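data03.cif (mmCIF, C-alpha atoms, pLDDT in the B column; chains and numbers go by the auth columns)
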```cif
data_work
loop_
_atom_site.group_PDB
_atom_site.id
_atom_site.type_symbol
_atom_site.label_atom_id
_atom_site.label_comp_id
_atom_site.label_asym_id
_atom_site.label_seq_id
_atom_site.Cartn_x
_atom_site.Cartn_y
_atom_site.Cartn_z
_atom_site.B_iso_or_equiv
_atom_site.auth_seq_id
_atom_site.auth_asym_id
ATOM 1 C CA MET A 1 0.000 0.000 0.000 64.00 1 A
ATOM 2 C CA GLN A 2 1.228 3.482 -0.822 65.00 2 A
ATOM 3 C CA LEU A 3 -0.048 6.935 0.174 63.00 3 A
ATOM 4 C CA HIS A 4 0.951 10.438 -0.906 62.00 4 A
ATOM 5 C CA ARG A 5 0.698 13.143 1.738 62.00 5 A
ATOM 6 C CA GLY A 6 1.412 16.850 2.024 65.00 6 A
ATOM 7 C CA ARG A 7 4.090 18.179 4.325 51.00 7 A
ATOM 8 C CA LEU A 8 2.135 20.338 6.761 53.00 8 A
ATOM 9 C CA ILE A 9 -1.055 18.516 7.731 61.00 9 A
ATOM 10 C CA ASP A 10 -1.231 14.858 8.745 55.00 10 A
ATOM 11 C CA HIS A 11 -5.036 14.751 8.752 71.00 11 A
ATOM 12 C CA ILE A 12 -8.155 16.721 9.593 86.00 12 A
ATOM 13 C CA GLN A 13 -11.484 15.211 10.605 84.00 13 A
ATOM 14 C CA LEU A 14 -14.811 16.963 10.107 90.00 14 A
ATOM 15 C CA VAL A 15 -17.869 15.472 11.765 89.00 15 A
ATOM 16 C CA VAL A 16 -20.881 16.497 9.705 91.00 16 A
ATOM 17 C CA ALA A 17 -24.644 16.436 10.140 90.00 17 A
ATOM 18 C CA ASP A 18 -25.465 15.254 6.594 93.00 18 A
ATOM 19 C CA LEU A 19 -22.870 12.916 5.086 94.00 19 A
ATOM 20 C CA HIS A 20 -24.658 12.782 1.701 95.00 20 A
ATOM 21 C CA ALA A 21 -24.654 16.579 1.302 96.00 21 A
ATOM 22 C CA SER A 22 -21.013 16.778 2.393 95.00 22 A
ATOM 23 C CA ARG A 23 -19.976 13.975 0.028 96.00 23 A
ATOM 24 C CA ARG A 24 -21.654 15.798 -2.889 96.00 24 A
ATOM 25 C CA PHE A 25 -19.858 19.051 -2.010 97.00 25 A
ATOM 26 C CA TYR A 26 -16.400 17.520 -1.488 96.00 26 A
ATOM 27 C CA GLU A 27 -16.660 15.279 -4.573 96.00 27 A
ATOM 28 C CA ALA A 28 -17.314 18.385 -6.681 97.00 28 A
ATOM 29 C CA VAL A 29 -14.505 20.560 -5.311 96.00 29 A
ATOM 30 C CA PHE A 30 -11.900 17.775 -5.123 95.00 30 A
ATOM 31 C CA ASP A 31 -12.690 16.670 -8.661 96.00 31 A
ATOM 32 C CA VAL A 32 -11.689 20.181 -9.755 96.00 32 A
ATOM 33 C CA LEU A 33 -8.557 20.111 -7.559 93.00 33 A
ATOM 34 C CA GLY A 34 -7.548 16.704 -8.907 92.00 34 A
ATOM 35 C CA VAL A 35 -7.635 14.916 -5.550 92.00 35 A
ATOM 36 C CA PRO A 36 -9.102 11.383 -5.711 92.00 36 A
ATOM 37 C CA VAL A 37 -11.316 9.925 -2.996 92.00 37 A
ATOM 38 C CA GLY A 38 -9.305 7.648 -0.701 87.00 38 A
ATOM 39 C CA GLY A 39 -12.228 5.640 0.612 86.00 39 A
ATOM 40 C CA SER A 40 -15.904 5.716 1.319 87.00 40 A
ATOM 41 C CA ALA A 41 -18.366 3.951 3.627 86.00 41 A
ATOM 42 C CA ASP A 42 -21.778 4.562 5.169 90.00 42 A
ATOM 43 C CA THR A 43 -20.308 6.593 8.052 90.00 43 A
ATOM 44 C CA HIS A 44 -17.275 8.286 6.455 91.00 44 A
ATOM 45 C CA PHE A 45 -15.174 9.155 3.408 94.00 45 A
ATOM 46 C CA TRP A 46 -11.747 10.712 2.935 91.00 46 A
ATOM 47 C CA TYR A 47 -9.624 12.679 0.506 92.00 47 A
ATOM 48 C CA ASP A 48 -5.895 12.760 1.211 86.00 48 A
ATOM 49 C CA GLU A 49 -5.564 14.300 4.715 81.00 49 A
ATOM 50 C CA LEU A 50 -9.272 15.212 5.081 90.00 50 A
ATOM 51 C CA PHE A 51 -11.504 12.649 6.812 88.00 51 A
ATOM 52 C CA VAL A 52 -15.273 13.361 6.932 92.00 52 A
ATOM 53 C CA SER A 53 -17.602 11.320 9.130 89.00 53 A
ATOM 54 C CA THR A 54 -21.051 11.189 10.687 90.00 54 A
ATOM 55 C CA PRO A 55 -21.497 11.745 14.426 87.00 55 A
ATOM 56 C CA ASP A 56 -22.748 8.164 14.858 86.00 56 A
ATOM 57 C CA GLY A 57 -19.633 6.598 13.282 79.00 57 A
ATOM 58 C CA PRO A 58 -16.998 5.091 15.589 73.00 58 A
ATOM 59 C CA GLU A 59 -14.500 7.847 14.698 70.00 59 A
ATOM 60 C CA ALA A 60 -16.590 10.775 15.983 72.00 60 A
ATOM 61 C CA LEU A 61 -17.631 9.701 19.477 70.00 61 A
ATOM 62 C CA GLY A 62 -21.144 11.046 18.809 75.00 62 A
ATOM 63 C CA LYS A 63 -20.180 14.724 18.456 73.00 63 A
ATOM 64 C CA LEU A 64 -20.404 17.325 15.695 73.00 64 A
ATOM 65 C CA THR A 65 -17.211 19.358 15.332 70.00 65 A
ATOM 66 C CA GLY A 66 -18.604 22.801 14.483 70.00 66 A
ATOM 67 C CA ARG A 67 -17.090 25.352 12.121 76.00 67 A
ATOM 68 C CA HIS A 68 -13.524 24.987 10.856 85.00 68 A
ATOM 69 C CA HIS A 69 -11.344 26.611 8.202 83.00 69 A
ATOM 70 C CA LEU A 70 -9.482 24.390 5.728 88.00 70 A
ATOM 71 C CA ALA A 71 -7.317 25.637 2.868 87.00 71 A
ATOM 72 C CA PHE A 72 -6.454 23.382 -0.067 89.00 72 A
ATOM 73 C CA GLN A 73 -3.710 24.016 -2.604 86.00 73 A
ATOM 74 C CA ALA A 74 -4.600 24.868 -6.193 89.00 74 A
ATOM 75 C CA ALA A 75 -2.222 24.765 -9.158 88.00 75 A
ATOM 76 C CA ASP A 76 -3.308 28.122 -10.618 93.00 76 A
ATOM 77 C CA HIS A 77 -5.999 30.829 -10.708 97.00 77 A
ATOM 78 C CA ILE A 78 -8.151 28.815 -13.117 97.00 78 A
ATOM 79 C CA MET A 79 -8.294 25.944 -10.618 95.00 79 A
ATOM 80 C CA VAL A 80 -9.299 28.340 -7.798 96.00 80 A
ATOM 81 C CA GLU A 81 -12.121 29.698 -9.971 98.00 81 A
ATOM 82 C CA ALA A 82 -13.289 26.199 -10.991 97.00 82 A
ATOM 83 C CA PHE A 83 -13.241 25.121 -7.302 96.00 83 A
ATOM 84 C CA HIS A 84 -15.527 28.025 -6.398 98.00 84 A
ATOM 85 C CA LYS A 85 -17.931 27.343 -9.263 98.00 85 A
ATOM 86 C CA ALA A 86 -18.093 23.574 -8.584 98.00 86 A
ATOM 87 C CA GLY A 87 -18.623 24.098 -4.857 98.00 87 A
ATOM 88 C CA LEU A 88 -21.505 26.518 -5.422 98.00 88 A
ATOM 89 C CA ALA A 89 -23.121 24.087 -7.872 98.00 89 A
ATOM 90 C CA ALA A 90 -22.786 21.280 -5.309 98.00 90 A
ATOM 91 C CA GLY A 91 -24.567 23.099 -2.480 96.00 91 A
ATOM 92 C CA GLY A 92 -21.788 25.257 -1.030 96.00 92 A
ATOM 93 C CA LYS A 93 -22.329 28.916 -0.150 95.00 93 A
ATOM 94 C CA ASP A 94 -20.091 31.774 -1.246 96.00 94 A
ATOM 95 C CA ASN A 95 -17.784 33.044 1.497 92.00 95 A
ATOM 96 C CA GLY A 96 -15.402 35.013 -0.725 94.00 96 A
ATOM 97 C CA ALA A 97 -15.271 35.049 -4.527 97.00 97 A
ATOM 98 C CA PRO A 98 -12.018 34.194 -6.328 98.00 98 A
ATOM 99 C CA GLY A 99 -9.494 37.008 -6.139 97.00 99 A
ATOM 100 C CA GLU A 100 -6.253 38.386 -4.757 96.00 100 A
ATOM 101 C CA ARG A 101 -5.966 38.557 -0.981 91.00 101 A
ATOM 102 C CA PRO A 102 -3.603 40.770 1.063 86.00 102 A
ATOM 103 C CA TYR A 103 -1.865 37.901 2.923 79.00 103 A
ATOM 104 C CA HIS A 104 1.202 37.997 0.658 81.00 104 A
ATOM 105 C CA PRO A 105 1.932 38.973 -2.974 87.00 105 A
ATOM 106 C CA GLY A 106 0.379 36.443 -5.359 90.00 106 A
ATOM 107 C CA TYR A 107 -2.126 34.992 -2.837 89.00 107 A
ATOM 108 C CA TYR A 108 -5.181 34.154 -4.968 96.00 108 A
ATOM 109 C CA ALA A 109 -8.040 32.367 -3.212 94.00 109 A
ATOM 110 C CA ALA A 110 -11.751 31.582 -3.073 96.00 110 A
ATOM 111 C CA PHE A 111 -13.815 30.642 -0.029 92.00 111 A
ATOM 112 C CA LEU A 112 -16.939 28.488 0.319 94.00 112 A
ATOM 113 C CA LEU A 113 -19.040 27.345 3.239 92.00 113 A
ATOM 114 C CA ASP A 114 -19.662 23.591 3.032 94.00 114 A
ATOM 115 C CA PRO A 115 -23.072 22.138 4.035 93.00 115 A
ATOM 116 C CA ASP A 116 -22.098 22.308 7.741 90.00 116 A
ATOM 117 C CA GLY A 117 -20.778 25.883 7.602 89.00 117 A
ATOM 118 C CA ASN A 118 -17.069 24.988 7.518 90.00 118 A
ATOM 119 C CA ASN A 119 -15.014 27.625 5.677 87.00 119 A
ATOM 120 C CA ILE A 120 -13.319 25.821 2.771 92.00 120 A
ATOM 121 C CA GLU A 121 -10.661 27.627 0.738 90.00 121 A
ATOM 122 C CA ALA A 122 -8.701 26.921 -2.429 91.00 122 A
ATOM 123 C CA VAL A 123 -5.505 28.972 -2.731 89.00 123 A
ATOM 124 C CA HIS A 124 -2.798 29.510 -5.304 90.00 124 A
ATOM 125 C CA HIS A 125 0.252 31.188 -3.772 87.00 125 A
ATOM 126 C CA GLY A 126 1.683 32.460 -7.058 89.00 126 A
ATOM 127 C CA ALA A 127 4.838 31.427 -8.849 86.00 127 A
ATOM 128 C CA ALA A 128 6.841 29.022 -6.695 78.00 128 A
ATOM 129 C CA GLU A 129 8.984 25.912 -6.963 78.00 129 A
ATOM 130 C CA ARG A 130 8.149 22.772 -4.961 73.00 130 A
ATOM 131 C CA SER A 131 10.875 20.514 -3.624 76.00 131 A
ATOM 132 C CA ALA A 132 8.598 17.523 -4.306 76.00 132 A
ATOM 133 C CA PRO A 133 4.978 17.042 -5.476 73.00 133 A
ATOM 134 C CA SER A 134 4.132 15.065 -2.308 73.00 134 A
ATOM 135 C CA VAL A 135 5.583 12.912 0.415 75.00 135 A
ATOM 136 C CA ARG A 136 5.320 9.222 -0.547 77.00 136 A
ATOM 137 C CA ILE A 137 4.647 6.730 2.228 78.00 137 A
ATOM 138 C CA ASP A 138 5.283 3.051 1.452 82.00 138 A
ATOM 139 C CA PHE A 139 3.841 0.673 4.031 84.00 139 A
ATOM 140 C CA GLU A 140 5.770 -2.458 4.885 83.00 140 A
ATOM 141 C CA MET A 141 3.521 -5.484 4.777 77.00 141 A
#
```

Please rewrite the model in this file as structure tokens.
Amino acid sequence: MQLHRGRLIDHIQLVVADLHASRRFYEAVFDVLGVPVGGSADTHFWYDELFVSTPDGPEALGKLTGRHHLAFQAADHIMVEAFHKAGLAAGGKDNGAPGERPYHPGYYAAFLLDPDGNNIEAVHHGAAERSAPSVRIDFEM
């Protein structure tokens, strides 16, 4: 088994009220961002470091998590714009249209609220060079 992970976040779990609505939203925005689903079941699904579950699943201990902010990397401005459009079409609510932000030169982002009110962002940081596309983890079996 092999996984590819980013360098900053190991994982994030969102506990949501309506798994179907959340799955529809995240399928739409991650399709645009080119991130494949890692797994799916009746009580949860995941994409890379993001794990989404119901409150009645064994992972959540019966509790909703409330509002969070998650930012996902986008390859360019076009991807940020497509993320915003896909998220709106899949039931998300606008929380900041695509555009430049004052955080640093080249910061181009869009913000959506997912079905549970979590603030979901896609950001392109401008021209940059990556040391590697991802961290590869090879499990010993």

Query raised in the report: So what does the PyMOL selection byres ((chain A and resi 18-32) around 9) actually pick up in this one, as a ChimeraX atom specification?
Result: /A:15-17,33-37,42-45,47,52-54,79-80,82-92,114-116

Write out the residues from the selection above, keeping C-alpha atoms, as a PDB file, in the coordinates of the input.
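The result, stored in part.pdb:
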```pdb
ATOM      1  CA  VAL A  15     -17.869  15.472  11.765  1.00 89.00           C
ATOM      2  CA  VAL A  16     -20.881  16.497   9.705  1.00 91.00           C
ATOM      3  CA  ALA A  17     -24.644  16.436  10.140  1.00 90.00           C
ATOM      4  CA  LEU A  33      -8.557  20.111  -7.559  1.00 93.00           C
ATOM      5  CA  GLY A  34      -7.548  16.704  -8.907  1.00 92.00           C
ATOM      6  CA  VAL A  35      -7.635  14.916  -5.550  1.00 92.00           C
ATOM      7  CA  PRO A  36      -9.102  11.383  -5.711  1.00 92.00           C
ATOM      8  CA  VAL A  37     -11.316   9.925  -2.996  1.00 92.00           C
ATOM      9  CA  ASP A  42     -21.778   4.562   5.169  1.00 90.00           C
ATOM     10  CA  THR A  43     -20.308   6.593   8.052  1.00 90.00           C
ATOM     11  CA  HIS A  44     -17.275   8.286   6.455  1.00 91.00           C
ATOM     12  CA  PHE A  45     -15.174   9.155   3.408  1.00 94.00           C
ATOM     13  CA  TYR A  47      -9.624  12.679   0.506  1.00 92.00           C
ATOM     14  CA  VAL A  52     -15.273  13.361   6.932  1.00 92.00           C
ATOM     15  CA  SER A  53     -17.602  11.320   9.130  1.00 89.00           C
ATOM     16  CA  THR A  54     -21.051  11.189  10.687  1.00 90.00           C
ATOM     17  CA  MET A  79      -8.294  25.944 -10.618  1.00 95.00           C
ATOM     18  CA  VAL A  80      -9.299  28.340  -7.798  1.00 96.00           C
ATOM     19  CA  ALA A  82     -13.289  26.199 -10.991  1.00 97.00           C
ATOM     20  CA  PHE A  83     -13.241  25.121  -7.302  1.00 96.00           C
ATOM     21  CA  HIS A  84     -15.527  28.025  -6.398  1.00 98.00           C
ATOM     22  CA  LYS A  85     -17.931  27.343  -9.263  1.00 98.00           C
ATOM     23  CA  ALA A  86     -18.093  23.574  -8.584  1.00 98.00           C
ATOM     24  CA  GLY A  87     -18.623  24.098  -4.857  1.00 98.00           C
ATOM     25  CA  LEU A  88     -21.505  26.518  -5.422  1.00 98.00           C
ATOM     26  CA  ALA A  89     -23.121  24.087  -7.872  1.00 98.00           C
ATOM     27  CA  ALA A  90     -22.786  21.280  -5.309  1.00 98.00           C
ATOM     28  CA  GLY A  91     -24.567  23.099  -2.480  1.00 96.00           C
ATOM     29  CA  GLY A  92     -21.788  25.257  -1.030  1.00 96.00           C
ATOM     30  CA  ASP A 114     -19.662  23.591   3.032  1.00 94.00           C
ATOM     31  CA  PRO A 115     -23.072  22.138   4.035  1.00 93.00           C
ATOM     32  CA  ASP A 116     -22.098  22.308   7.741  1.00 90.00           C
TER      33      ASP A 116
END
```

Requested in this report: Could you expand the PyMOL selection byres ((chain A and resi 112) around 9) into the explicit residues it covers here, written as a PyMOL selection string?
Outcome: chain A and resi 84+87-88+92-97+110-111+113-114+117-122

Requested in this report: Name the closest residue to Leu64 in chain A among the candidates A:Glu140, A:Glu49, A:Gln13, A:Val123; distances are taken between atoms, counting all atoms listed in the file.
Outcome: A:Gln13

**Report entry** Shortest interatomic distance to Ser134 in chain A - which of A:Asp48, A:Tyr108, A:Tyr103, A:His77, counting all atoms listed in the file
**Finding:**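 Of all the options, A:Asp48 lies closest to Ser134 in chain A.
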
Query - Straight-line distance linking CA of His124 in chain A with CA of Gly99 in chain A, stated in Å to one decimal - result: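 Calculated distance between CA of His124 in chain A and CA of Gly99 in chain A is 10.1 Å.
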
Report task. Choose the residue, out of A:Ala41, A:Ala127, A:Met141, A:Ile12, that has the smallest atom-to-atom separation from Phe72 in chain A; count only C-alpha atoms. Result ->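 Among the listed residues, the smallest separation from Phe72 in chain A belongs to A:Ile12.
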
Query raised in the report: Quick one, how far is CA of Gly39 in chain A from CA of Ser131 in chain A?
Result: 27.8 Å

Report task. Could you jot down the CA of Gly38 in chain A to CA of His125 in chain A separation for me, Å, one decimal place? Result ->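 For CA of Gly38 in chain A relative to CA of His125 in chain A, the distance reads 25.6 Å.
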
Query raised in the report: Looking at A:Leu14, A:Glu129, A:Ser40, A:Tyr107, which one is nearest to Thr65 in chain A, with distances taken over all atoms listed in the file?
Result: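 With all atoms listed in the file as the atom set, the closest residue is A:Leu14.
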